[in-house]
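Here is the structure we will look at, set down as structure tokens.
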Amino acid sequence: MNQVNSAWDEWQGKLSLPEIVDISVLPKLIKQNSWLSLPVKEVDFTAVDKADSAVLAVLLYWAQQSETKLKVVNFPQQLDNLIELYDLNSIIAIK
């Protein structure tokens, strides 16, 4: 069974994403977890097994809302290639 909930650490401003964050589940996750209202400073992809480029739009939203560069940890390699392709390194800090 796939994890469908994320974990929010308000103290650190850190959101740990669930196993799947692709176009098939992102709308539900955004609504169910009120993602767009969270003051996200860091996004953790450690538990993510399946992701697609749709999650980039959410990352860009959080980056725009953040006063500092959005930190992303354990980012999937296939998406990391898109960050470079779209020249988003100045907006999103991949760790």
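Numbering starts fresh at 1 for the residues of each chain in the structure tokens, the chains themselves are lettered A, B, ... in the order given, and ligands are numbered from 1 as they appear.
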Distance query Asp80 (chain A) at most 12 Å, only C-alpha atoms, self and fewer than 4 positions along chain excluded, as an MDAnalysis selection string
chainID A and resid 45 51:53 55:56 72:76 84:89 92:95
Could you list, as a list in words, every residue within 8 Å of region 9-22 of chain A, counting only C-alpha atoms and ignoring same-chain residues fewer than 5 positions away?
Asn2, Gln3, Val4, Pro39, Val40, Lys41, Glu42, Val43, Asp44, Phe45, Thr46, Ala47, Val48, Asp49, Lys50, Ala51, Asp52, Ser53, Ala54 and Val55 of chain A
DSSP helix (DSSP H, G or I) selection over region 2-50 of chain A, as a count of residues only
10
Those in region 11-88 of chain A with strand (DSSP E) from DSSP, as a list of chain:residue names
A:Lys14, A:Leu15, A:Ser16, A:Ile20, A:Val21, A:Glu42, A:Val43, A:Asp44, A:Lys50, A:Ala51, A:Leu70, A:Lys71, A:Val72, A:Val73
Would you output that residue set with N, CA and C atoms, as a tab-separated table (two decimals), in the first residue's frame?
```
chain	number	residue	atom	x	y	z
A	14	LYS	N	9.80	21.94	7.13
A	14	LYS	CA	10.20	20.82	6.28
A	14	LYS	C	9.00	19.93	5.96
A	15	LEU	N	8.85	19.65	4.68
A	15	LEU	CA	7.79	18.74	4.23
A	15	LEU	C	8.43	17.49	3.66
A	16	SER	N	8.11	16.34	4.24
A	16	SER	CA	8.58	15.06	3.73
A	16	SER	C	7.47	14.48	2.86
A	20	ILE	N	4.51	8.51	-3.69
A	20	ILE	CA	4.15	8.90	-5.05
A	20	ILE	C	3.78	10.38	-5.09
A	21	VAL	N	4.45	11.12	-5.95
A	21	VAL	CA	4.14	12.54	-6.16
A	21	VAL	C	4.17	12.81	-7.67
A	42	GLU	N	11.94	23.57	3.19
A	42	GLU	CA	12.71	22.39	2.79
A	42	GLU	C	11.74	21.28	2.39
A	43	VAL	N	12.09	20.57	1.32
A	43	VAL	CA	11.28	19.45	0.85
A	43	VAL	C	12.16	18.21	0.80
A	44	ASP	N	11.69	17.14	1.43
A	44	ASP	CA	12.45	15.89	1.51
A	44	ASP	C	11.80	14.83	0.63
A	50	LYS	N	8.11	7.33	-6.80
A	50	LYS	CA	7.61	7.69	-8.13
A	50	LYS	C	7.27	9.17	-8.14
A	51	ALA	N	7.89	9.89	-9.08
A	51	ALA	CA	7.63	11.32	-9.22
A	51	ALA	C	7.73	11.68	-10.70
A	70	LEU	N	14.64	27.69	-1.64
A	70	LEU	CA	14.02	26.43	-1.23
A	70	LEU	C	15.05	25.31	-1.26
A	71	LYS	N	15.16	24.59	-0.16
A	71	LYS	CA	16.10	23.47	-0.06
A	71	LYS	C	15.36	22.18	-0.37
A	72	VAL	N	15.95	21.35	-1.23
A	72	VAL	CA	15.37	20.07	-1.59
A	72	VAL	C	16.41	18.98	-1.34
A	73	VAL	N	16.03	17.96	-0.56
A	73	VAL	CA	16.95	16.87	-0.24
A	73	VAL	C	16.47	15.56	-0.84
```
As a check of understanding: the span from CA of Ile91 (chain A) to CA of Tyr61 (chain A) is 10.5 Å
Report, in Å to a single decimal, how far apart CA of Leu36 (chain A) and CA of Leu59 (chain A) are.
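Separation between CA of Leu59 (chain A) and CA of Leu36 (chain A): 10.1 Å.
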Tell me which of A:Ser24, A:Ser6, A:Ser90, A:Gln32 sits closest to Thr68 (chain A), counting only C-alpha atoms.
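The shortest atom-to-atom distance to Thr68 (chain A) comes from A:Ser90.
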Quick one: distance from CA of Trp35 (chain A) to CA of Trp8 (chain A) in Å, one decimal?
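The value is 9.3 Å.
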